[in-house]
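*Asks:* Below is data_0.txt; it holds compact mmCIF, C-alpha atoms and all ligand atoms.
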```
# COMPACT_ATOMS: atom_id res chain seq x y z
CA MET I 1 23.64 -3.89 7.83
CA THR I 2 27.12 -3.14 6.55
CA ARG I 3 27.50 0.20 4.84
CA GLY I 4 28.34 0.09 1.17
CA GLU I 5 26.95 -3.38 0.54
CA PRO I 6 23.99 -3.73 -1.79
CA LEU I 7 20.73 -3.43 0.10
CA ARG I 8 19.02 -6.13 -1.90
CA THR I 9 20.77 -8.87 0.02
CA GLN I 10 20.56 -7.04 3.34
CA ASP I 11 18.00 -5.94 5.85
CA PRO I 12 16.72 -2.51 4.73
CA HIS I 13 15.30 -1.53 8.13
CA ALA I 14 18.32 0.38 9.45
CA PHE I 15 18.63 2.51 6.31
CA ILE I 16 14.89 3.22 6.26
CA ALA I 17 14.80 4.09 9.98
CA GLY I 18 17.16 7.03 9.44
CA LEU I 19 15.85 8.11 6.04
CA PRO I 20 14.11 11.53 6.17
CA LYS I 21 10.56 11.03 4.94
CA ALA I 22 7.21 12.67 4.15
CA GLU I 23 3.89 10.98 4.94
CA LEU I 24 0.92 12.03 2.79
CA HIS I 25 -1.82 9.59 3.73
CA VAL I 26 -2.31 8.97 7.43
CA HIS I 27 -5.50 9.36 9.46
CA HIS I 28 -5.56 11.30 12.72
CA VAL I 29 -7.67 8.90 14.82
CA GLY I 30 -6.26 5.93 12.91
CA SER I 31 -2.78 6.89 14.17
CA ALA I 32 -3.62 6.60 17.86
CA SER I 33 -0.97 4.33 19.40
CA PRO I 34 -2.09 1.32 21.50
CA ARG I 35 -0.94 3.28 24.57
CA ILE I 36 -3.17 6.26 23.72
CA VAL I 37 -6.11 4.06 22.76
CA SER I 38 -5.89 2.09 26.02
CA GLU I 39 -5.46 5.30 28.04
CA LEU I 40 -8.59 6.80 26.43
CA ALA I 41 -10.49 3.50 26.79
CA ALA I 42 -9.66 3.43 30.51
CA ARG I 43 -10.96 7.02 30.83
CA HIS I 44 -14.23 5.96 29.20
CA PRO I 45 -15.23 2.57 30.68
CA ASP I 46 -18.57 2.57 28.81
CA SER I 47 -16.61 1.89 25.58
CA LYS I 48 -16.13 -1.62 24.15
CA VAL I 49 -12.55 -0.81 23.15
CA PRO I 50 -10.12 -2.96 25.22
CA THR I 51 -7.97 -1.19 27.80
CA ASP I 52 -5.21 -3.79 27.53
CA PRO I 53 -2.80 -2.95 24.66
CA GLU I 54 -2.22 -6.70 24.04
CA ALA I 55 -5.96 -7.28 23.56
CA LEU I 56 -5.96 -4.50 20.97
CA VAL I 57 -4.08 -6.72 18.51
CA ASP I 58 -7.12 -9.03 18.30
CA TYR I 59 -9.53 -6.10 18.39
CA PHE I 60 -7.65 -4.63 15.40
CA THR I 61 -8.06 -7.77 13.27
CA PHE I 62 -10.65 -7.06 10.60
CA THR I 63 -12.92 -9.40 8.67
CA ASP I 64 -13.58 -6.86 5.90
CA PHE I 65 -13.65 -3.11 5.20
CA ALA I 66 -17.05 -2.61 6.89
CA HIS I 67 -15.73 -4.28 10.06
CA PHE I 68 -12.68 -2.00 9.94
CA ILE I 69 -14.91 1.11 9.81
CA GLU I 70 -17.03 -0.21 12.71
CA VAL I 71 -13.92 -0.67 14.88
CA TYR I 72 -12.50 2.67 13.68
CA LEU I 73 -15.66 4.44 14.85
CA SER I 74 -15.43 2.81 18.29
CA VAL I 75 -12.03 4.51 18.63
CA VAL I 76 -13.46 7.80 17.30
CA ASP I 77 -16.00 7.51 20.15
CA LEU I 78 -13.17 7.69 22.69
CA ILE I 79 -12.22 11.21 21.66
CA ARG I 80 -14.55 13.40 23.64
CA THR I 81 -12.81 16.57 24.73
CA PRO I 82 -10.48 19.15 23.15
CA GLU I 83 -7.78 17.85 25.50
CA ASP I 84 -8.22 14.32 24.04
CA VAL I 85 -7.79 15.89 20.57
CA ARG I 86 -4.66 17.80 21.58
CA LEU I 87 -3.07 14.78 23.27
CA LEU I 88 -3.82 12.49 20.31
CA THR I 89 -2.42 14.98 17.77
CA TYR I 90 0.74 15.68 19.77
CA GLU I 91 1.44 11.96 20.32
CA VAL I 92 0.87 11.20 16.64
CA ALA I 93 3.46 13.85 15.77
CA ARG I 94 5.90 12.32 18.26
CA ASP I 95 5.49 8.87 16.62
CA LEU I 96 6.09 10.42 13.19
CA ALA I 97 9.17 12.30 14.38
CA ARG I 98 10.65 9.07 15.81
CA GLN I 99 10.51 7.66 12.28
CA GLN I 100 12.32 10.67 10.82
CA VAL I 101 9.13 11.97 9.21
CA ARG I 102 9.89 15.62 8.49
CA TYR I 103 6.51 16.51 7.01
CA ALA I 104 3.08 14.90 7.26
CA GLU I 105 -0.36 15.68 5.90
CA LEU I 106 -2.72 14.28 8.51
CA THR I 107 -6.28 13.43 7.46
CA ILE I 108 -8.77 14.64 10.04
CA THR I 109 -12.54 14.15 10.04
CA PRO I 110 -13.68 17.24 11.97
CA TRP I 111 -17.38 16.38 11.55
CA SER I 112 -16.88 13.23 13.66
CA SER I 113 -15.76 15.44 16.54
CA THR I 114 -18.20 18.35 16.15
CA ARG I 115 -21.13 15.90 16.00
CA ARG I 116 -19.85 14.44 19.27
CA ASN I 117 -20.30 17.88 20.79
CA ILE I 118 -16.71 19.02 20.74
CA ASP I 119 -16.85 22.78 20.18
CA GLU I 120 -15.53 23.55 16.68
CA LEU I 121 -13.26 26.41 17.72
CA ALA I 122 -11.88 24.41 20.65
CA PHE I 123 -11.24 21.51 18.24
CA MET I 124 -9.31 23.74 15.81
CA ALA I 125 -7.36 25.32 18.68
CA ALA I 126 -6.40 21.84 19.95
CA ILE I 127 -4.98 20.60 16.63
CA GLU I 128 -3.20 23.90 15.97
CA ASP I 129 -1.69 23.94 19.46
CA ALA I 130 -0.37 20.38 18.91
CA ARG I 131 0.90 21.27 15.42
CA LYS I 132 2.91 24.22 16.69
CA ALA I 133 4.28 22.30 19.68
CA ALA I 134 5.29 19.38 17.43
CA GLU I 135 7.10 21.64 14.99
CA ALA I 136 8.95 23.45 17.77
CA GLU I 137 9.82 20.34 19.80
CA PHE I 138 10.30 17.60 17.18
CA GLY I 139 10.96 19.58 14.00
CA THR I 140 8.15 17.71 12.24
CA VAL I 141 5.91 19.93 10.12
CA LEU I 142 2.23 18.92 10.17
CA ARG I 143 -0.47 20.00 7.75
CA TRP I 144 -4.15 19.04 7.73
CA CYS I 145 -6.48 17.42 5.22
CA PHE I 146 -10.15 17.68 6.30
CA ASP I 147 -12.13 14.77 4.89
CA ILE I 148 -15.82 14.14 4.32
CA PRO I 149 -16.96 10.82 5.83
CA GLY I 150 -18.83 9.89 2.64
CA GLU I 151 -21.22 7.38 4.17
CA ALA I 152 -22.49 9.92 6.68
CA GLY I 153 -24.37 11.77 3.94
CA LEU I 154 -24.52 15.27 2.52
CA GLU I 155 -25.13 16.99 5.84
CA ALA I 156 -21.71 15.79 6.94
CA ALA I 157 -20.31 16.96 3.59
CA GLU I 158 -21.87 20.40 4.06
CA GLU I 159 -20.53 20.70 7.60
CA THR I 160 -17.04 19.57 6.54
CA ALA I 161 -17.00 22.11 3.68
CA ARG I 162 -18.08 24.85 6.08
CA LEU I 163 -15.40 23.97 8.65
CA ALA I 164 -12.79 23.92 5.87
CA THR I 165 -13.73 27.19 4.18
CA ASP I 166 -15.09 29.55 6.85
CA ASP I 167 -12.28 31.99 7.61
CA ARG I 168 -13.43 32.28 11.22
CA VAL I 169 -13.01 28.54 11.77
CA ARG I 170 -10.57 26.98 9.32
CA PRO I 171 -7.18 26.31 10.87
CA GLU I 172 -3.95 27.78 9.52
CA GLY I 173 -2.44 24.34 8.87
CA LEU I 174 -5.23 23.20 6.54
CA VAL I 175 -4.01 22.47 2.99
CA SER I 176 -6.38 19.93 1.47
CA PHE I 177 -9.84 18.44 1.28
CA GLY I 178 -10.62 14.72 1.17
CA LEU I 179 -13.30 12.07 1.10
CA GLY I 180 -13.06 8.81 3.05
CA GLY I 181 -15.02 5.87 4.40
CA PRO I 182 -16.70 3.12 2.39
CA GLU I 183 -16.98 3.57 -1.39
CA ILE I 184 -19.65 0.97 -2.11
CA GLY I 185 -23.01 2.75 -2.38
CA VAL I 186 -21.36 6.17 -1.95
CA PRO I 187 -20.98 7.65 -5.46
CA ARG I 188 -18.28 10.31 -5.71
CA PRO I 189 -20.03 12.78 -8.07
CA GLN I 190 -22.52 13.86 -5.36
CA PHE I 191 -19.64 15.54 -3.51
CA LYS I 192 -18.70 17.82 -6.40
CA PRO I 193 -20.25 21.02 -4.93
CA TYR I 194 -18.31 20.60 -1.68
CA PHE I 195 -15.02 19.99 -3.49
CA ASP I 196 -15.73 23.00 -5.72
CA ARG I 197 -16.09 25.18 -2.64
CA ALA I 198 -12.96 23.80 -1.01
CA ILE I 199 -10.91 24.25 -4.20
CA ALA I 200 -12.22 27.80 -4.60
CA ALA I 201 -11.00 28.46 -1.04
CA GLY I 202 -7.49 27.38 -2.06
CA LEU I 203 -7.53 23.78 -0.82
CA ARG I 204 -6.13 20.85 -2.80
CA SER I 205 -8.32 17.88 -3.72
CA VAL I 206 -7.24 14.47 -2.35
CA PRO I 207 -10.17 12.02 -2.21
CA HIS I 208 -9.88 8.31 -1.46
CA ALA I 209 -10.87 6.33 -4.57
CA GLY I 210 -10.40 2.85 -5.95
CA GLU I 211 -9.68 1.39 -2.52
CA THR I 212 -12.74 -0.86 -2.29
CA THR I 213 -14.36 -0.23 -5.69
CA GLY I 214 -13.06 -0.24 -9.25
CA PRO I 215 -11.29 2.19 -11.58
CA GLU I 216 -14.54 4.01 -12.41
CA THR I 217 -14.42 5.53 -8.90
CA VAL I 218 -10.95 6.89 -9.64
CA TRP I 219 -12.22 8.40 -12.91
CA ASP I 220 -15.10 9.98 -10.94
CA ALA I 221 -12.64 11.43 -8.42
CA LEU I 222 -10.59 12.92 -11.26
CA THR I 223 -13.49 14.23 -13.29
CA HIS I 224 -15.96 15.41 -10.67
CA LEU I 225 -13.76 16.11 -7.65
CA ARG I 226 -10.73 17.36 -9.62
CA ALA I 227 -8.43 15.09 -7.61
CA GLU I 228 -4.76 16.16 -7.56
CA ARG I 229 -3.71 12.97 -5.80
CA ILE I 230 -5.63 9.76 -5.24
CA GLY I 231 -5.96 8.11 -1.83
CA HIS I 232 -5.04 4.48 -2.53
CA GLY I 233 -6.25 4.13 -6.15
CA THR I 234 -5.48 0.42 -5.72
CA ASN I 235 -7.92 -0.88 -8.31
CA SER I 236 -6.66 1.50 -11.01
CA PHE I 237 -4.61 -1.47 -12.25
CA GLN I 238 -7.78 -2.87 -13.82
CA ASP I 239 -7.87 -0.08 -16.42
CA PRO I 240 -4.75 0.43 -18.58
CA ARG I 241 -6.15 3.71 -19.93
CA LEU I 242 -6.47 5.03 -16.38
CA LEU I 243 -2.87 4.02 -15.59
CA GLU I 244 -1.73 5.94 -18.66
CA HIS I 245 -3.82 8.95 -17.68
CA LEU I 246 -2.43 9.00 -14.11
CA ALA I 247 1.13 8.78 -15.45
CA GLU I 248 0.64 11.44 -18.13
CA ARG I 249 -1.06 13.92 -15.83
CA ARG I 250 1.40 13.23 -13.01
CA ILE I 251 -1.41 12.39 -10.58
CA PRO I 252 0.32 10.65 -7.66
CA LEU I 253 -1.15 7.62 -5.93
CA GLU I 254 -1.03 7.42 -2.14
CA VAL I 255 -0.31 3.72 -1.85
CA CYS I 256 -0.77 2.07 1.57
CA PRO I 257 0.18 -1.61 1.07
CA THR I 258 -0.40 -3.09 4.54
CA SER I 259 -3.70 -1.23 4.94
CA ASN I 260 -5.02 -2.91 1.79
CA ILE I 261 -4.26 -6.34 3.25
CA ALA I 262 -5.62 -5.51 6.73
CA THR I 263 -8.97 -4.28 5.33
CA ARG I 264 -8.96 -7.20 2.85
CA ALA I 265 -9.07 -4.88 -0.15
CA VAL I 266 -6.14 -6.94 -1.55
CA ARG I 267 -5.57 -10.62 -0.70
CA THR I 268 -1.81 -10.73 -0.15
CA LEU I 269 1.11 -8.29 -0.36
CA ASP I 270 2.55 -10.23 -3.29
CA GLU I 271 -0.65 -9.55 -5.22
CA HIS I 272 -0.50 -5.81 -4.52
CA PRO I 273 -0.47 -3.79 -7.79
CA VAL I 274 2.17 -1.27 -6.65
CA LYS I 275 4.70 -2.76 -9.06
CA GLU I 276 2.31 -2.23 -11.98
CA PHE I 277 1.89 1.41 -10.98
CA VAL I 278 5.63 1.98 -11.05
CA LYS I 279 5.93 0.15 -14.37
CA ALA I 280 3.21 2.39 -15.82
CA GLY I 281 5.29 5.46 -14.87
CA ILE I 282 2.95 6.69 -12.12
CA LEU I 283 4.32 8.78 -9.26
CA VAL I 284 3.93 6.32 -6.39
CA THR I 285 4.08 7.48 -2.77
CA ILE I 286 4.21 5.05 0.15
CA ASN I 287 2.04 5.70 3.20
CA SER I 288 0.72 4.06 6.35
CA ASP I 289 -3.03 5.03 6.52
CA ASP I 290 -4.00 3.86 10.06
CA PRO I 291 -0.68 2.43 11.25
CA PRO I 292 -1.36 0.98 14.75
CA MET I 293 -4.70 -0.44 13.61
CA PHE I 294 -2.91 -2.24 10.79
CA GLY I 295 0.09 -3.27 12.90
CA THR I 296 2.46 -1.16 10.83
CA ASP I 297 4.23 2.17 10.63
CA LEU I 298 5.70 4.22 7.78
CA ASN I 299 9.14 2.60 8.13
CA ASN I 300 7.59 -0.83 7.77
CA GLU I 301 5.66 0.31 4.68
CA TYR I 302 8.97 1.40 3.11
CA ALA I 303 10.43 -2.03 3.93
CA VAL I 304 7.40 -3.67 2.28
CA ALA I 305 7.88 -1.44 -0.77
CA ALA I 306 11.60 -2.29 -0.91
CA ARG I 307 10.67 -5.95 -1.13
CA LEU I 308 7.80 -5.60 -3.59
CA LEU I 309 9.69 -3.18 -5.86
CA ASP I 310 13.14 -4.71 -5.34
CA LEU I 311 14.69 -1.40 -4.26
CA ASP I 312 18.18 -0.60 -3.05
CA GLU I 313 19.11 2.48 -1.03
CA GLN I 314 18.94 4.78 -4.07
CA GLY I 315 15.53 3.34 -4.92
CA LEU I 316 14.27 3.94 -1.39
CA ALA I 317 15.64 7.48 -1.45
CA ALA I 318 13.82 8.07 -4.76
CA LEU I 319 10.61 6.75 -3.21
CA ALA I 320 11.01 9.13 -0.26
CA LYS I 321 11.54 11.99 -2.74
CA ASN I 322 8.35 11.04 -4.59
CA ALA I 323 6.40 11.85 -1.43
CA VAL I 324 8.18 15.19 -1.11
CA ASP I 325 7.42 16.00 -4.77
CA ALA I 326 3.75 15.02 -4.38
CA SER I 327 3.32 16.95 -1.13
CA PHE I 328 1.70 20.36 -0.74
CA LEU I 329 4.81 21.86 0.82
CA ASP I 330 6.20 25.02 -0.75
CA GLU I 331 9.25 24.71 -3.05
CA ALA I 332 11.75 25.81 -0.40
CA GLY I 333 10.38 23.24 2.05
CA LYS I 334 10.54 20.51 -0.59
CA ALA I 335 14.13 21.41 -1.49
CA ARG I 336 15.18 21.19 2.17
CA ILE I 337 13.86 17.65 2.63
CA ARG I 338 15.19 16.49 -0.77
CA ASP I 339 18.66 17.76 0.24
CA GLU I 340 18.40 15.98 3.56
CA ILE I 341 17.50 12.73 1.79
CA ASP I 342 20.48 13.11 -0.57
CA THR I 343 22.92 13.92 2.22
CA TYR I 344 21.71 11.00 4.33
CA THR I 345 21.89 8.54 1.43
CA ALA I 346 25.34 9.71 0.29
CA GLY I 347 26.60 9.39 3.88
CA TRP I 348 25.19 5.90 4.17
CA LEU I 349 26.68 4.71 0.90
CA ALA I 350 30.10 6.33 1.40
CA PRO I 351 32.78 3.67 1.92
N1 LIG I 401 -8.48 3.10 4.79
C1 LIG I 401 -9.46 4.02 4.90
N2 LIG I 401 -10.31 4.22 3.87
C2 LIG I 401 -11.31 5.11 3.96
N3 LIG I 401 -11.55 5.85 5.07
C3 LIG I 401 -10.72 5.67 6.12
C4 LIG I 401 -9.67 4.76 6.07
N4 LIG I 401 -9.02 4.79 7.24
C5 LIG I 401 -9.64 5.68 8.01
N5 LIG I 401 -10.67 6.22 7.34
C6 LIG I 401 -11.56 7.24 7.90
O1 LIG I 401 -12.81 6.69 8.15
C7 LIG I 401 -13.75 7.72 8.16
C8 LIG I 401 -15.12 7.09 7.96
C9 LIG I 401 -16.12 7.62 8.92
C10 LIG I 401 -17.51 7.27 8.54
O2 LIG I 401 -17.72 6.66 7.51
C11 LIG I 401 -18.63 7.65 9.41
C12 LIG I 401 -19.92 7.29 9.02
C13 LIG I 401 -20.98 7.60 9.87
C14 LIG I 401 -20.75 8.26 11.08
C15 LIG I 401 -19.47 8.59 11.42
C16 LIG I 401 -19.20 9.27 12.73
O3 LIG I 401 -18.11 9.80 12.94
O4 LIG I 401 -20.10 9.26 13.58
C17 LIG I 401 -18.40 8.31 10.58
C18 LIG I 401 -13.31 8.56 6.98
O5 LIG I 401 -13.76 9.85 7.03
C19 LIG I 401 -11.80 8.41 6.99
O6 LIG I 401 -11.16 9.53 7.51
ZN ZN I 402 -7.06 6.44 4.12
```
Now, as a test, write the supplied structure out as structure tokens.
Ligand SMILES: Nc1ncnc2c1ncn2[C@@H]1O[C@H](CCC(=O)c2cccc(C(=O)O)c2)[C@@H](O)[C@H]1O
Ligand SMILES: [Zn+2]
*Replies:*
Amino acid sequence: MTRGEPLRTQDPHAFIAGLPKAELHVHHVGSASPRIVSELAARHPDSKVPTDPEALVDYFTFTDFAHFIEVYLSVVDLIRTPEDVRLLTYEVARDLARQQVRYAELTITPWSSTRRNIDELAFMAAIEDARKAAEAEFGTVLRWCFDIPGEAGLEAAEETARLATDDRVRPEGLVSFGLGGPEIGVPRPQFKPYFDRAIAAGLRSVPHAGETTGPETVWDALTHLRAERIGHGTNSFQDPRLLEHLAERRIPLEVCPTSNIATRAVRTLDEHPVKEFVKAGILVTINSDDPPMFGTDLNNEYAVAARLLDLDEQGLAALAKNAVDASFLDEAGKARIRDEIDTYTAGWLAP
């Protein structure tokens, strides 16, 4: 790409690759690279996960959301020791740093590990050790969102709330509390007491909603779970009043375009409602969700957004700043990344 020429007619990849970014919606286990997955699968030959990274492409082709969760859990099954947890977390940070991600909020489901007999304190020590190493070595700041796997029931919710609020256990890097997994048959209001506890302990509320069910789930997340950002929120487009509400209250959406196609929540990228969200004045952030499982990464999601939203370099820089604004970083941290984005963009556009 030639500097100074309008991006619209050019390939945006080079600009995006160097653009400093923040990632707000990315799952810990869902970020395991094919190399890590095949390494773990080889360590645990009883697993049905392929050891050949090429075979993983087929394995990571999903017929629907339920199939995605089934495959996701087979990868969760590969993580069996605190050392597996530390290695995964550190490698995820390395992949983020390579994409110029300066700050990421990583969604972790601690219950999935403690129920697989990983000691809770050893688990927390493993993620914190990786977080500190990543910040020192790559300059990427990681923070955690602990999420309830909704379909696993209220015992899992109780355990997740305990791990997130008990001062003897909760890790220093924890900033938010989430809710993931299937939405069908898993009403949001039942999780209110757990979100209340997490919020009282100073955590921010970031449930998934409106990914596989309609706008009423997003309303539930706002009303009952006091959501400050919505994971996906894809089907919000079906309710104009909800779009207005999200815009007015400045509730950001964590949009993950390729994920929605891979899990068949949306039929094609061209039908993705992200453009309607922007038109409605909603603070849209672009994210990768479970990048290797969906054959994507954050840079590719920005390229997808550039196409769907018809963005030039300034537009992409504004999108990157949306994620900084919507993050749970402190003001000084936000200002640093915003400045970096401005400096990078000005340098790129200078004749
Ligand atoms: N696009 C997504 N949309 C929603 N969620 C997503 C997405 N990507 C990844 N997740 C993750 O999937 C987990 C689901 C885990 C789950 O349901 C479950 C049920 C029963 C037992 C167990 C177990 O561990 O034994 C787990 C969520 O907590 C979430 O972190
Ligand atoms: Zn997600």
*Asks:* Under the rule that all atoms listed in the file are counted, which of I:Phe294, I:Phe15, I:Phe195, I:Phe60 is the nearest residue to I:Leu316?
*Replies:*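 Closest candidate: I:Phe15.
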*Asks:* What lies within 8 Å of I:Pro20 using only C-alpha atoms, ignoring chain neighbours under 3 positions off, as a list of chain:residue names?
*Replies:*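 The contact residues come out as I:Gln100, I:Val101, I:Arg102, I:Ala320, I:Ile337, I:Glu340, I:Ile341, I:Tyr344.
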*Asks:* Counting all atoms listed in the file, which residue out of I:Ala164, I:Val37, I:Ala346, I:Ile69 sits closest to ligand ZN 402 (chain I)?
*Replies:*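 Closest to ligand ZN 402 (chain I), using all atoms listed in the file: I:Ile69.
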*Asks:* Kindly compile the residues surrounding ligand LIG 401 (chain I) within 6 Å, counting all atoms listed in the file, and format them as a VMD selection string.
*Replies:* chain I and resid 27 30 109 112 147 to 152 180 to 182 290
*Asks:* If you take all atoms listed in the file and a cut-off of 12 Å, which residues of chain I touch ligand ZN 402 (chain I), and what are their nearest atom pairs and distances in Å to one decimal, in chain and number order, as JSON lines?
*Replies:*
```
{"residue": "I:Glu23", "atom": "CA", "partner": "I:ZN402", "partner_atom": "ZN", "distance": 11.9}
{"residue": "I:Leu24", "atom": "CA", "partner": "I:ZN402", "partner_atom": "ZN", "distance": 9.8}
{"residue": "I:His25", "atom": "CA", "partner": "I:ZN402", "partner_atom": "ZN", "distance": 6.1}
{"residue": "I:Val26", "atom": "CA", "partner": "I:ZN402", "partner_atom": "ZN", "distance": 6.3}
{"residue": "I:His27", "atom": "CA", "partner": "I:ZN402", "partner_atom": "ZN", "distance": 6.3}
{"residue": "I:His28", "atom": "CA", "partner": "I:ZN402", "partner_atom": "ZN", "distance": 10.0}
{"residue": "I:Val29", "atom": "CA", "partner": "I:ZN402", "partner_atom": "ZN", "distance": 11.0}
{"residue": "I:Gly30", "atom": "CA", "partner": "I:ZN402", "partner_atom": "ZN", "distance": 8.8}
{"residue": "I:Ser31", "atom": "CA", "partner": "I:ZN402", "partner_atom": "ZN", "distance": 10.9}
{"residue": "I:Phe65", "atom": "CA", "partner": "I:ZN402", "partner_atom": "ZN", "distance": 11.7}
{"residue": "I:Phe68", "atom": "CA", "partner": "I:ZN402", "partner_atom": "ZN", "distance": 11.7}
{"residue": "I:Ile69", "atom": "CA", "partner": "I:ZN402", "partner_atom": "ZN", "distance": 11.1}
{"residue": "I:Tyr72", "atom": "CA", "partner": "I:ZN402", "partner_atom": "ZN", "distance": 11.6}
{"residue": "I:Glu105", "atom": "CA", "partner": "I:ZN402", "partner_atom": "ZN", "distance": 11.6}
{"residue": "I:Leu106", "atom": "CA", "partner": "I:ZN402", "partner_atom": "ZN", "distance": 10.0}
{"residue": "I:Thr107", "atom": "CA", "partner": "I:ZN402", "partner_atom": "ZN", "distance": 7.8}
{"residue": "I:Ile108", "atom": "CA", "partner": "I:ZN402", "partner_atom": "ZN", "distance": 10.3}
{"residue": "I:Thr109", "atom": "CA", "partner": "I:ZN402", "partner_atom": "ZN", "distance": 11.2}
{"residue": "I:Cys145", "atom": "CA", "partner": "I:ZN402", "partner_atom": "ZN", "distance": 11.1}
{"residue": "I:Phe146", "atom": "CA", "partner": "I:ZN402", "partner_atom": "ZN", "distance": 11.9}
{"residue": "I:Asp147", "atom": "CA", "partner": "I:ZN402", "partner_atom": "ZN", "distance": 9.8}
{"residue": "I:Ile148", "atom": "CA", "partner": "I:ZN402", "partner_atom": "ZN", "distance": 11.7}
{"residue": "I:Pro149", "atom": "CA", "partner": "I:ZN402", "partner_atom": "ZN", "distance": 11.0}
{"residue": "I:Gly178", "atom": "CA", "partner": "I:ZN402", "partner_atom": "ZN", "distance": 9.5}
{"residue": "I:Leu179", "atom": "CA", "partner": "I:ZN402", "partner_atom": "ZN", "distance": 8.9}
{"residue": "I:Gly180", "atom": "CA", "partner": "I:ZN402", "partner_atom": "ZN", "distance": 6.5}
{"residue": "I:Gly181", "atom": "CA", "partner": "I:ZN402", "partner_atom": "ZN", "distance": 8.0}
{"residue": "I:Pro182", "atom": "CA", "partner": "I:ZN402", "partner_atom": "ZN", "distance": 10.3}
{"residue": "I:Glu183", "atom": "CA", "partner": "I:ZN402", "partner_atom": "ZN", "distance": 11.7}
{"residue": "I:Val206", "atom": "CA", "partner": "I:ZN402", "partner_atom": "ZN", "distance": 10.3}
{"residue": "I:Pro207", "atom": "CA", "partner": "I:ZN402", "partner_atom": "ZN", "distance": 9.0}
{"residue": "I:His208", "atom": "CA", "partner": "I:ZN402", "partner_atom": "ZN", "distance": 6.5}
{"residue": "I:Ala209", "atom": "CA", "partner": "I:ZN402", "partner_atom": "ZN", "distance": 9.5}
{"residue": "I:Gly210", "atom": "CA", "partner": "I:ZN402", "partner_atom": "ZN", "distance": 11.2}
{"residue": "I:Glu211", "atom": "CA", "partner": "I:ZN402", "partner_atom": "ZN", "distance": 8.7}
{"residue": "I:Thr212", "atom": "CA", "partner": "I:ZN402", "partner_atom": "ZN", "distance": 11.3}
{"residue": "I:Ile230", "atom": "CA", "partner": "I:ZN402", "partner_atom": "ZN", "distance": 10.0}
{"residue": "I:Gly231", "atom": "CA", "partner": "I:ZN402", "partner_atom": "ZN", "distance": 6.3}
{"residue": "I:His232", "atom": "CA", "partner": "I:ZN402", "partner_atom": "ZN", "distance": 7.2}
{"residue": "I:Gly233", "atom": "CA", "partner": "I:ZN402", "partner_atom": "ZN", "distance": 10.6}
{"residue": "I:Thr234", "atom": "CA", "partner": "I:ZN402", "partner_atom": "ZN", "distance": 11.6}
{"residue": "I:Leu253", "atom": "CA", "partner": "I:ZN402", "partner_atom": "ZN", "distance": 11.7}
{"residue": "I:Glu254", "atom": "CA", "partner": "I:ZN402", "partner_atom": "ZN", "distance": 8.7}
{"residue": "I:Val255", "atom": "CA", "partner": "I:ZN402", "partner_atom": "ZN", "distance": 9.4}
{"residue": "I:Cys256", "atom": "CA", "partner": "I:ZN402", "partner_atom": "ZN", "distance": 8.1}
{"residue": "I:Pro257", "atom": "CA", "partner": "I:ZN402", "partner_atom": "ZN", "distance": 11.2}
{"residue": "I:Thr258", "atom": "CA", "partner": "I:ZN402", "partner_atom": "ZN", "distance": 11.6}
{"residue": "I:Ser259", "atom": "CA", "partner": "I:ZN402", "partner_atom": "ZN", "distance": 8.4}
{"residue": "I:Asn260", "atom": "CA", "partner": "I:ZN402", "partner_atom": "ZN", "distance": 9.8}
{"residue": "I:Thr263", "atom": "CA", "partner": "I:ZN402", "partner_atom": "ZN", "distance": 11.0}
{"residue": "I:Asn287", "atom": "CA", "partner": "I:ZN402", "partner_atom": "ZN", "distance": 9.2}
{"residue": "I:Ser288", "atom": "CA", "partner": "I:ZN402", "partner_atom": "ZN", "distance": 8.4}
{"residue": "I:Asp289", "atom": "CA", "partner": "I:ZN402", "partner_atom": "ZN", "distance": 4.9}
{"residue": "I:Asp290", "atom": "CA", "partner": "I:ZN402", "partner_atom": "ZN", "distance": 7.2}
{"residue": "I:Pro291", "atom": "CA", "partner": "I:ZN402", "partner_atom": "ZN", "distance": 10.4}
{"residue": "I:Met293", "atom": "CA", "partner": "I:ZN402", "partner_atom": "ZN", "distance": 12.0}
{"residue": "I:Phe294", "atom": "CA", "partner": "I:ZN402", "partner_atom": "ZN", "distance": 11.7}
```
*Asks:* Find the residue from I:Asp129, I:Asp325, I:Glu39, I:Glu216 that sits nearest to I:Pro189; use all atoms listed in the file when measuring.
*Replies:*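 Closest residue, counting all atoms listed in the file: I:Glu216.
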*Asks:* Given the choices I:Phe237, I:Tyr302, I:Phe277, I:Phe177, which gets closest to I:Ala318 if the distance is worked out from only C-alpha atoms?
*Replies:*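 Using only C-alpha atoms, I:Ala318 sits closest to I:Tyr302.
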*Asks:* If we count all atoms listed in the file and set the cut-off at 12 Å, which residues sit around I:Leu78, ignoring sequence neighbours fewer than 6 positions away in its own chain? Please answer as a ChimeraX atom specification.
*Replies:* /I:29,32,36-51,71-72,84-85,88,112-113,116
*Asks:* Which neighbours of I:Asp166 fall inside 10 Å, counting only C-alpha atoms, when residues of the same chain fewer than 5 positions from it are skipped, and could you give them as an NGL selection string?
*Replies:* :I and (161 or 171 or 198 or 201)
*Asks:* Kindly indicate which residue among I:Leu73, I:Ala97, I:Ile282, I:Ile261 lies nearest to I:Ala17, using only C-alpha atoms for the distances.
*Replies:*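 Answer, going by the shortest atom-to-atom distance: I:Ala97.
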